[in-house]
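Raw contents of work.txt, compact mmCIF, C-alpha atoms:
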# COMPACT_ATOMS: atom_id res chain seq x y z
CA MET A 275 0.00 0.00 0.00
CA VAL A 276 1.25 3.49 -0.88
CA ALA A 277 -0.39 6.59 0.57
CA LEU A 278 -2.21 9.04 -1.67
CA ILE A 279 -0.48 12.42 -1.73
CA LEU A 280 -2.23 15.58 -0.52
CA ASP A 281 -0.43 17.95 -2.87
CA GLY A 282 -0.71 21.37 -1.23
CA THR A 283 0.84 23.12 -4.21
CA SER A 284 -1.79 21.97 -6.70
CA ILE A 285 -4.66 22.42 -4.23
CA ALA A 286 -3.51 25.99 -3.51
CA ARG A 287 -3.44 26.68 -7.26
CA GLU A 288 -7.06 25.58 -7.49
CA LEU A 289 -8.02 28.33 -5.04
CA GLU A 290 -6.19 31.14 -6.83
CA SER A 291 -8.79 31.88 -9.49
CA GLY A 292 -11.53 32.41 -6.93
CA LEU A 293 -9.37 34.87 -5.02
CA ILE A 294 -8.44 36.72 -8.22
CA THR A 295 -12.15 37.15 -8.97
CA ARG A 296 -12.83 38.47 -5.46
CA VAL A 297 -9.94 40.96 -5.74
CA GLU A 298 -11.24 42.15 -9.12
CA ASN A 299 -14.73 42.60 -7.68
CA LEU A 300 -13.28 44.74 -4.90
CA LYS A 301 -11.43 46.86 -7.46
CA LYS A 302 -14.77 47.61 -9.12
CA LYS A 303 -15.77 49.14 -5.79
CA SER A 304 -12.51 51.15 -5.72
CA ILE A 305 -11.06 48.89 -3.01
CA ILE A 306 -7.45 47.88 -3.69
CA THR A 307 -6.66 44.95 -1.40
CA HIS A 308 -3.47 45.86 0.45
CA LEU A 309 -1.26 43.70 2.69
CA VAL A 310 1.60 45.13 4.77
CA VAL A 311 4.31 42.69 5.90
CA ILE A 312 6.72 43.83 8.61
CA LEU A 313 10.03 41.95 8.62
CA VAL A 314 12.26 42.42 11.64
CA GLY A 315 15.97 41.80 11.00
CA ASP A 316 17.59 39.80 8.21
CA ASP A 317 16.78 36.18 8.98
CA SER A 318 17.34 34.36 5.68
CA ALA A 319 14.47 31.88 6.14
CA SER A 320 12.05 34.70 6.97
CA GLU A 321 13.19 36.60 3.89
CA ILE A 322 12.35 33.59 1.72
CA TYR A 323 8.92 33.21 3.33
CA VAL A 324 8.17 36.89 2.82
CA LYS A 325 9.31 36.76 -0.80
CA ASN A 326 6.98 33.81 -1.45
CA LYS A 327 4.10 35.78 0.06
CA GLN A 328 4.88 38.77 -2.12
CA ILE A 329 4.97 36.58 -5.24
CA MET A 330 1.57 35.15 -4.36
CA CYS A 331 0.17 38.64 -3.74
CA GLN A 332 1.33 39.66 -7.20
CA ARG A 333 -0.30 36.62 -8.81
CA ILE A 334 -3.64 37.30 -7.16
CA GLY A 335 -3.58 41.06 -7.62
CA ILE A 336 -3.07 42.07 -4.00
CA ARG A 337 -0.96 45.15 -3.36
CA SER A 338 1.87 44.26 -0.96
CA THR A 339 4.15 46.53 1.04
CA LEU A 340 7.28 45.22 2.75
CA VAL A 341 8.48 47.14 5.80
CA ASN A 342 11.98 45.97 6.72
CA VAL A 343 13.25 47.10 10.14
CA ASP A 344 16.47 46.38 12.04
CA ASP A 345 16.47 43.62 14.64
CA ASP A 346 17.44 46.13 17.34
CA ILE A 347 14.08 47.89 17.02
CA SER A 348 12.36 48.50 20.35
CA GLN A 349 8.96 47.11 21.33
CA ASP A 350 7.53 50.63 21.43
CA GLU A 351 8.84 51.53 17.98
CA LEU A 352 7.50 48.32 16.42
CA GLU A 353 4.11 48.97 18.01
CA ARG A 354 4.21 52.55 16.70
CA ILE A 355 4.69 51.23 13.15
CA ILE A 356 1.74 48.86 13.60
CA ASP A 357 -0.40 51.75 14.87
CA GLU A 358 0.48 53.71 11.74
CA TYR A 359 -0.91 50.97 9.51
CA ASN A 360 -3.85 50.31 11.84
CA ASP A 361 -4.87 53.92 11.19
CA ASP A 362 -4.37 53.70 7.41
CA ASP A 363 -7.71 52.97 5.74
CA GLU A 364 -5.93 51.87 2.57
CA VAL A 365 -4.26 48.98 4.42
CA HIS A 366 -6.48 45.92 4.93
CA GLY A 367 -4.04 43.41 6.37
CA ILE A 368 -0.99 43.58 8.64
CA LEU A 369 1.42 40.71 9.21
CA VAL A 370 4.53 40.73 11.42
CA GLN A 371 6.78 37.93 10.21
CA SER A 372 7.97 35.38 12.77
CA PRO A 373 10.33 34.67 14.42
CA LEU A 374 10.88 37.91 16.30
CA PRO A 375 13.93 38.89 18.38
CA GLU A 376 13.73 37.62 21.96
CA LYS A 377 13.30 41.12 23.37
CA ILE A 378 10.10 41.60 21.38
CA ASP A 379 6.91 40.36 23.07
CA GLY A 380 5.10 38.50 20.30
CA LEU A 381 1.82 38.31 22.22
CA LYS A 382 1.74 42.09 22.61
CA ILE A 383 2.48 42.50 18.92
CA ALA A 384 -0.39 40.15 18.00
CA SER A 385 -2.69 42.08 20.31
CA LYS A 386 -1.64 45.40 18.78
CA ILE A 387 -2.83 44.56 15.27
CA LEU A 388 -6.50 45.41 14.84
CA PRO A 389 -8.63 42.23 14.71
CA ARG A 390 -10.10 43.31 11.35
CA LYS A 391 -6.56 43.62 9.89
CA ASP A 392 -5.12 40.57 11.65
CA VAL A 393 -4.49 38.33 8.62
CA ASP A 394 -2.54 35.82 10.74
CA GLY A 395 -5.52 35.38 13.08
CA PHE A 396 -3.36 35.67 16.20
CA ASN A 397 -5.09 38.60 17.88
CA PRO A 398 -6.69 37.37 21.16
CA ILE A 399 -10.09 38.60 19.97
CA ASN A 400 -9.93 36.42 16.84
CA LEU A 401 -8.63 33.44 18.81
CA GLY A 402 -11.28 34.04 21.47
CA ARG A 403 -14.04 33.89 18.88
CA LEU A 404 -12.69 30.55 17.76
CA VAL A 405 -12.81 29.24 21.34
CA GLN A 406 -16.50 30.19 21.42
CA GLY A 407 -17.12 28.20 18.25
CA ASP A 408 -17.49 31.38 16.18
CA ILE A 409 -15.69 31.12 12.82
CA GLY A 410 -16.79 34.60 11.80
CA GLY A 411 -13.43 36.08 12.78
CA ILE A 412 -10.06 35.62 11.11
CA ILE A 413 -8.74 32.08 11.60
CA PRO A 414 -4.98 31.28 11.70
CA CYS A 415 -3.74 30.37 8.22
CA THR A 416 -2.03 27.01 8.82
CA PRO A 417 -4.98 25.42 10.68
CA LEU A 418 -7.30 26.76 7.99
CA GLY A 419 -5.11 25.20 5.30
CA ILE A 420 -4.98 21.88 7.13
CA ILE A 421 -8.76 21.70 7.39
CA HIS A 422 -8.96 22.32 3.64
CA LEU A 423 -6.47 19.49 3.01
CA LEU A 424 -8.52 17.14 5.17
CA GLU A 425 -11.68 18.09 3.27
CA LYS A 426 -9.94 17.23 -0.02
CA THR A 427 -9.60 13.59 1.08
CA GLY A 428 -13.38 13.25 1.01
CA VAL A 429 -13.18 11.35 4.31
CA SER A 430 -15.79 12.31 6.91
CA LEU A 431 -14.09 13.51 10.10
CA GLU A 432 -17.15 12.90 12.26
CA GLY A 433 -16.21 10.69 15.20
CA LYS A 434 -12.67 10.14 13.87
CA ARG A 435 -9.82 10.08 16.38
CA ALA A 436 -7.59 13.04 15.54
CA THR A 437 -4.27 13.61 17.28
CA VAL A 438 -2.46 16.94 17.12
CA LEU A 439 1.21 16.94 18.09
CA GLY A 440 2.03 20.40 19.39
CA ARG A 441 -0.02 22.96 21.32
CA SER A 442 1.18 26.29 19.93
CA ARG A 443 -1.24 29.19 19.55
CA ILE A 444 -0.20 29.33 15.88
CA VAL A 445 -1.10 25.78 14.85
CA GLY A 446 -1.85 23.18 17.53
CA MET A 447 -4.45 24.86 19.72
CA PRO A 448 -6.55 26.61 17.03
CA LEU A 449 -6.43 23.48 14.86
CA SER A 450 -7.67 21.35 17.75
CA LEU A 451 -10.60 23.73 18.20
CA LEU A 452 -11.48 23.56 14.51
CA LEU A 453 -11.34 19.76 14.47
CA ALA A 454 -13.60 19.47 17.53
CA MET A 455 -16.04 22.14 16.33
CA LYS A 456 -19.65 21.22 15.71
CA GLY A 457 -20.00 20.21 12.08
CA VAL A 458 -16.51 18.68 11.95
CA ASP A 459 -16.95 16.60 15.09
CA ALA A 460 -13.61 14.79 15.34
CA THR A 461 -12.51 13.45 18.73
CA VAL A 462 -9.30 15.36 19.43
CA THR A 463 -6.22 14.51 21.48
CA ILE A 464 -3.45 17.07 21.95
CA VAL A 465 0.05 15.63 22.44
CA HIS A 466 2.79 17.78 23.95
CA SER A 467 6.18 17.49 25.65
CA ARG A 468 4.65 16.16 28.89
CA SER A 469 2.38 13.58 27.24
CA VAL A 470 2.79 9.92 28.19
CA GLY A 471 2.39 7.02 25.77
CA ILE A 472 2.77 9.06 22.59
CA GLU A 473 3.42 5.99 20.42
CA ARG A 474 0.16 4.37 21.54
CA ILE A 475 -1.83 7.59 21.03
CA CYS A 476 -0.46 7.99 17.50
CA SER A 477 -1.07 4.38 16.53
CA ASP A 478 -4.75 4.70 17.55
CA SER A 479 -5.24 7.86 15.46
CA ASP A 480 -7.34 8.02 12.31
CA ILE A 481 -5.89 11.48 11.67
CA LEU A 482 -2.40 12.45 12.80
CA ILE A 483 -1.17 16.03 12.52
CA SER A 484 2.37 16.78 13.63
CA ALA A 485 3.43 20.38 14.22
CA ILE A 486 6.43 20.14 16.52
CA GLY A 487 9.37 20.80 14.18
CA VAL A 488 11.42 17.78 15.26
CA PRO A 489 12.77 15.89 12.23
CA ASN A 490 11.54 12.31 11.89
CA PHE A 491 10.00 12.35 15.37
CA VAL A 492 6.99 10.28 14.34
CA LYS A 493 8.13 6.77 13.48
CA GLY A 494 6.63 4.66 10.74
CA GLU A 495 5.57 1.98 13.21
CA TRP A 496 3.45 4.56 15.05
CA ILE A 497 1.19 5.05 12.03
CA LYS A 498 -2.25 3.49 11.88
CA GLU A 499 -3.00 1.76 8.60
CA ASP A 500 -5.03 3.86 6.16
CA SER A 501 -4.85 6.93 8.41
CA ILE A 502 -4.47 10.56 7.26
CA ILE A 503 -1.09 12.14 8.03
CA ILE A 504 -0.59 15.92 7.93
CA ASP A 505 3.08 16.81 8.41
CA VAL A 506 3.46 20.48 9.34
CA GLY A 507 7.12 20.22 10.36
CA ILE A 508 9.94 21.22 8.05
CA SER A 509 13.60 20.86 9.04
CA ARG A 510 17.01 20.76 7.42
CA ILE A 511 19.31 17.80 8.05
CA GLU A 512 22.92 17.91 6.95
CA ASP A 513 23.79 15.64 4.04
CA SER A 514 27.27 16.01 2.60
CA GLY A 515 26.25 13.89 -0.39
CA LYS A 516 23.79 16.53 -1.56
CA LYS A 517 24.82 19.55 -3.59
CA SER A 518 22.84 21.76 -1.20
CA GLY A 519 24.51 20.12 1.79
CA TYR A 520 21.20 19.20 3.42
CA ASN A 521 17.92 17.32 3.13
CA ILE A 522 14.53 18.84 3.90
CA VAL A 523 12.45 16.53 6.09
CA GLY A 524 9.27 16.69 8.11
CA ASP A 525 8.24 15.47 11.56
CA VAL A 526 7.12 12.11 10.15
CA GLU A 527 9.42 9.39 8.85
CA LYS A 528 9.18 8.63 5.15
CA THR A 529 8.21 5.01 5.93
CA ALA A 530 4.75 6.34 6.85
CA ASN A 531 4.10 6.63 3.08
CA LYS A 532 3.74 2.84 2.93
CA ILE A 533 1.19 2.64 5.75
CA ALA A 534 -1.03 5.73 5.70
CA GLY A 535 -3.99 6.23 3.37
CA TRP A 536 -3.21 9.92 2.76
CA ILE A 537 -0.13 12.00 3.51
CA THR A 538 1.23 15.48 2.85
CA PRO A 539 4.65 15.84 1.22
CA VAL A 540 7.45 17.91 2.78
CA PRO A 541 7.93 20.39 1.23
CA GLY A 542 4.87 21.07 -0.89
CA GLY A 543 2.13 20.06 1.51
CA VAL A 544 1.09 22.39 4.31
CA GLY A 545 3.35 25.30 3.31
CA PRO A 546 1.55 26.32 0.09
CA MET A 547 -1.79 25.97 1.87
CA THR A 548 -0.66 28.33 4.61
CA ILE A 549 0.26 30.99 2.04
CA ILE A 550 -2.97 30.67 0.04
CA LYS A 551 -5.02 30.90 3.24
CA LEU A 552 -3.06 34.03 4.16
CA MET A 553 -4.14 35.47 0.82
CA GLU A 554 -7.70 34.38 1.51
CA ASN A 555 -7.63 36.07 4.92
CA THR A 556 -6.25 39.24 3.35
CA VAL A 557 -9.03 39.34 0.77
CA ARG A 558 -11.59 38.69 3.50
CA CYS A 559 -10.21 41.55 5.59
CA SER A 560 -10.58 43.90 2.63
CA GLU A 561 -14.15 42.67 2.01
CA LEU A 562 -14.99 43.41 5.66
CA SER A 563 -13.40 46.87 5.60
Please go through the file and, once you have read it, give me the structure as structure tokens.
Amino acid sequence: MVALILDGTSIARELESGLITRVENLKKKSIITHLVVILVGDDSASEIYVKNKQIMCQRIGIRSTLVNVDDDISQDELERIIDEYNDDDEVHGILVQSPLPEKIDGLKIASKILPRKDVDGFNPINLGRLVQGDIGGIIPCTPLGIIHLLEKTGVSLEGKRATVLGRSRIVGMPLSLLLAMKGVDATVTIVHSRSVGIERICSDSDILISAIGVPNFVKGEWIKEDSIIIDVGISRIEDSGKKSGYNIVGDVEKTANKIAGWITPVPGGVGPMTIIKLMENTVRCSELS
């Protein structure tokens, strides 16, 4: 048995045309959808992520503005910049690229962005709405993309045992809420660093989503036959035999491909879905403006 591939790249492409139409409809109302991305410092990985977002904005017709600031910026100054764009009616979405320098309080930054411009969905008001079962706010992009991937399998999630590895406010916790929400109705287990019997929990899971960023943490023998595997992790492992000097791997061992029913590739699975859902959130913010 070989798992069917949940190709995030091709699925994201399918969603582009709908977003292009929505952007064009907004233009007819003299609304130019505008996303501002604030990049702190010169982290090379962050620069690549931001560039990919800008490319996608261009493809869809979203105006994008990159604000690059030094990594020695103060909390107050970064918040002042956010306030400037909060007050700008021509800006519909604001994103502060992670990771941030240690001296910057990421929770305060998320709280500073207006909920109606919070394209990442990290503002406590948007997350709080999700806790209440209200999906009318802005939902974090990666969980939103994962739910779309699960829907593409055609498998009903009702009553399925879903395990989420990782409890971050970016992926693990909001995703768990979405999976347990009425209408989806999965039975959710959250695994974290203090969990006991992780192997057993994973092997009992109809749906396994790993978002911990530890290469090859989930072993092939932990995988339930015909289950759905969503691998959010992406890591570099040194490989002197490769021209690049490294391999890109996920949280889940490659042997899972021979056991699972569906699986996401790394790269090319969750990543493209996260970006397209960011675009979707941006368009939604401009529609709500």
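Proximity ranking of A:Val405, A:Ile481, A:Leu452, A:Leu352 relative to A:Asp379 places A:Leu352 first, based on all atoms listed in the file.
Candidate residues A:Ile399, A:Val311, A:Ala534, A:Leu280 were compared for distance to A:His422, and the nearest is A:Leu280, using only C-alpha atoms.
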Near stretch 440-445 of chain A, within 8 Å and counting all atoms listed in the file, which residues show up once chain neighbours fewer than 3 positions away are dropped, as an mmCIF file with C-alpha atoms, in the coordinates of the input?
data_model
loop_
_atom_site.group_PDB
_atom_site.id
_atom_site.type_symbol
_atom_site.label_atom_id
_atom_site.label_comp_id
_atom_site.auth_asym_id
_atom_site.auth_seq_id
_atom_site.Cartn_x
_atom_site.Cartn_y
_atom_site.Cartn_z
ATOM 1 C CA PHE A 396 -3.360 35.670 16.200
ATOM 2 C CA PRO A 414 -4.980 31.280 11.700
ATOM 3 C CA THR A 416 -2.030 27.010 8.820
ATOM 4 C CA PRO A 417 -4.980 25.420 10.680
ATOM 5 C CA PRO A 448 -6.550 26.610 17.030
ATOM 6 C CA LEU A 449 -6.430 23.480 14.860
ATOM 7 C CA ILE A 464 -3.450 17.070 21.950
ATOM 8 C CA VAL A 465 0.050 15.630 22.440
ATOM 9 C CA HIS A 466 2.790 17.780 23.950
ATOM 10 C CA SER A 484 2.370 16.780 13.630
ATOM 11 C CA ALA A 485 3.430 20.380 14.220
ATOM 12 C CA ILE A 486 6.430 20.140 16.520
#
Surrounding residues of A:Leu424 excluding itself and chain neighbours under 5 positions, 12 Å, all atoms listed in the file, as a PyMOL selection string = chain A and resi 279-282+285+417-419+429-432+434+436+449+452-453+458+460+480-483+501-504+535-538+543-544+547
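Nearest to A:Ser509 of all the residues A:Leu313, A:Val341, A:Ile497, A:Val488 is A:Val488, based on all atoms listed in the file.
You will find atom CA of A:Arg390 at 25.5 Å from atom CA of A:Leu423.
Interatomic distance, atom CA of A:Ser479 to atom CA of A:Arg435: 5.2 Å.
Using only C-alpha atoms, the nearest neighbour of A:Asn326 within the list A:Ser338, A:Lys498, A:Val370, A:Gly487 is A:Ser338.
One finds atom CA of A:Lys325 at 19.8 Å from atom CA of A:Pro375.
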Nearest to A:Asp362, restricted to only C-alpha atoms and choosing among A:Ser563, A:Ser318, A:Thr548, A:Ser477, comes out as A:Ser563
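Among the candidate residues A:Ala277, A:Val393, A:Gln371, A:Arg337, the one lying nearest to A:Ile550 is A:Val393, with distances computed using only C-alpha atoms.
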Surrounding residues of A:Val523 excluding itself and chain neighbours under 3 positions, 9 Å, only C-alpha atoms, as a PyMOL selection string | chain A and resi 489-490+507-511+526-528+540-541
Residues just named, written with C-alpha atoms as a short mmCIF file (atom, residue, chain, number, x, y, z; two decimals), in the frame of the given file:
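Below is the file result26.cif, written as the result:
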data_model
loop_
_atom_site.label_atom_id
_atom_site.label_comp_id
_atom_site.auth_asym_id
_atom_site.auth_seq_id
_atom_site.Cartn_x
_atom_site.Cartn_y
_atom_site.Cartn_z
CA PRO A 489 12.77 15.89 12.23
CA ASN A 490 11.54 12.31 11.89
CA GLY A 507 7.12 20.22 10.36
CA ILE A 508 9.94 21.22 8.05
CA SER A 509 13.60 20.86 9.04
CA ARG A 510 17.01 20.76 7.42
CA ILE A 511 19.31 17.80 8.05
CA VAL A 526 7.12 12.11 10.15
CA GLU A 527 9.42 9.39 8.85
CA LYS A 528 9.18 8.63 5.15
CA VAL A 540 7.45 17.91 2.78
CA PRO A 541 7.93 20.39 1.23
#
Who sits within 9 Å of A:Ile347, only C-alpha atoms, same chain under 3 positions skipped, as an mmCIF file with C-alpha atoms, in the frame of the given file:
data_model
loop_
_atom_site.group_PDB
_atom_site.id
_atom_site.type_symbol
_atom_site.label_atom_id
_atom_site.label_comp_id
_atom_site.auth_asym_id
_atom_site.auth_seq_id
_atom_site.Cartn_x
_atom_site.Cartn_y
_atom_site.Cartn_z
ATOM 1 C CA VAL A 314 12.260 42.420 11.640
ATOM 2 C CA GLY A 315 15.970 41.800 11.000
ATOM 3 C CA VAL A 343 13.250 47.100 10.140
ATOM 4 C CA ASP A 344 16.470 46.380 12.040
ATOM 5 C CA ASP A 350 7.530 50.630 21.430
ATOM 6 C CA GLU A 351 8.840 51.530 17.980
ATOM 7 C CA LEU A 352 7.500 48.320 16.420
ATOM 8 C CA ILE A 378 10.100 41.600 21.380
#
Reconstructed stretch 313-331 of chain A, atom set N, CA and C atoms, as a PDB file, in the coordinates of the input:
ATOM      1  N   LEU A 313       8.945  42.913   8.420  1.00  0.00           N
ATOM      2  CA  LEU A 313      10.030  41.950   8.620  1.00  0.00           C
ATOM      3  C   LEU A 313      11.077  42.564   9.530  1.00  0.00           C
ATOM      4  N   VAL A 314      11.307  41.920  10.651  1.00  0.00           N
ATOM      5  CA  VAL A 314      12.260  42.420  11.640  1.00  0.00           C
ATOM      6  C   VAL A 314      13.590  41.679  11.470  1.00  0.00           C
ATOM      7  N   GLY A 315      14.652  42.424  11.157  1.00  0.00           N
ATOM      8  CA  GLY A 315      15.970  41.800  11.000  1.00  0.00           C
ATOM      9  C   GLY A 315      16.183  41.224   9.626  1.00  0.00           C
ATOM     10  N   ASP A 316      17.211  40.358   9.515  1.00  0.00           N
ATOM     11  CA  ASP A 316      17.590  39.800   8.210  1.00  0.00           C
ATOM     12  C   ASP A 316      17.717  38.285   8.249  1.00  0.00           C
ATOM     13  N   ASP A 317      16.792  37.644   8.953  1.00  0.00           N
ATOM     14  CA  ASP A 317      16.780  36.180   8.980  1.00  0.00           C
ATOM     15  C   ASP A 317      16.522  35.648   7.573  1.00  0.00           C
ATOM     16  N   SER A 318      17.409  34.805   7.079  1.00  0.00           N
ATOM     17  CA  SER A 318      17.340  34.360   5.680  1.00  0.00           C
ATOM     18  C   SER A 318      16.080  33.546   5.395  1.00  0.00           C
ATOM     19  N   ALA A 319      15.681  32.684   6.336  1.00  0.00           N
ATOM     20  CA  ALA A 319      14.470  31.880   6.140  1.00  0.00           C
ATOM     21  C   ALA A 319      13.235  32.776   6.071  1.00  0.00           C
ATOM     22  N   SER A 320      13.191  33.767   6.959  1.00  0.00           N
ATOM     23  CA  SER A 320      12.050  34.700   6.970  1.00  0.00           C
ATOM     24  C   SER A 320      11.983  35.489   5.670  1.00  0.00           C
ATOM     25  N   GLU A 321      13.151  35.859   5.158  1.00  0.00           N
ATOM     26  CA  GLU A 321      13.190  36.600   3.890  1.00  0.00           C
ATOM     27  C   GLU A 321      12.609  35.778   2.754  1.00  0.00           C
ATOM     28  N   ILE A 322      12.888  34.479   2.753  1.00  0.00           N
ATOM     29  CA  ILE A 322      12.350  33.590   1.720  1.00  0.00           C
ATOM     30  C   ILE A 322      10.835  33.485   1.853  1.00  0.00           C
ATOM     31  N   TYR A 323      10.360  33.311   3.101  1.00  0.00           N
ATOM     32  CA  TYR A 323       8.920  33.210   3.330  1.00  0.00           C
ATOM     33  C   TYR A 323       8.203  34.471   2.872  1.00  0.00           C
ATOM     34  N   VAL A 324       8.783  35.615   3.202  1.00  0.00           N
ATOM     35  CA  VAL A 324       8.170  36.890   2.820  1.00  0.00           C
ATOM     36  C   VAL A 324       8.152  37.051   1.307  1.00  0.00           C
ATOM     37  N   LYS A 325       9.245  36.668   0.657  1.00  0.00           N
ATOM     38  CA  LYS A 325       9.310  36.760  -0.800  1.00  0.00           C
ATOM     39  C   LYS A 325       8.226  35.907  -1.444  1.00  0.00           C
ATOM     40  N   ASN A 326       8.015  34.697  -0.912  1.00  0.00           N
ATOM     41  CA  ASN A 326       6.980  33.810  -1.450  1.00  0.00           C
ATOM     42  C   ASN A 326       5.588  34.430  -1.282  1.00  0.00           C
ATOM     43  N   LYS A 327       5.384  35.112  -0.164  1.00  0.00           N
ATOM     44  CA  LYS A 327       4.100  35.780   0.060  1.00  0.00           C
ATOM     45  C   LYS A 327       3.903  36.927  -0.918  1.00  0.00           C
ATOM     46  N   GLN A 328       4.977  37.655  -1.179  1.00  0.00           N
ATOM     47  CA  GLN A 328       4.880  38.770  -2.120  1.00  0.00           C
ATOM     48  C   GLN A 328       4.593  38.269  -3.538  1.00  0.00           C
ATOM     49  N   ILE A 329       5.211  37.162  -3.915  1.00  0.00           N
ATOM     50  CA  ILE A 329       4.970  36.580  -5.240  1.00  0.00           C
ATOM     51  C   ILE A 329       3.508  36.176  -5.377  1.00  0.00           C
ATOM     52  N   MET A 330       2.959  35.570  -4.324  1.00  0.00           N
ATOM     53  CA  MET A 330       1.570  35.150  -4.360  1.00  0.00           C
ATOM     54  C   MET A 330       0.632  36.357  -4.409  1.00  0.00           C
ATOM     55  N   CYS A 331       0.964  37.412  -3.668  1.00  0.00           N
ATOM     56  CA  CYS A 331       0.170  38.640  -3.740  1.00  0.00           C
ATOM     57  C   CYS A 331       0.105  39.160  -5.172  1.00  0.00           C
TER      58      CYS A 331
END
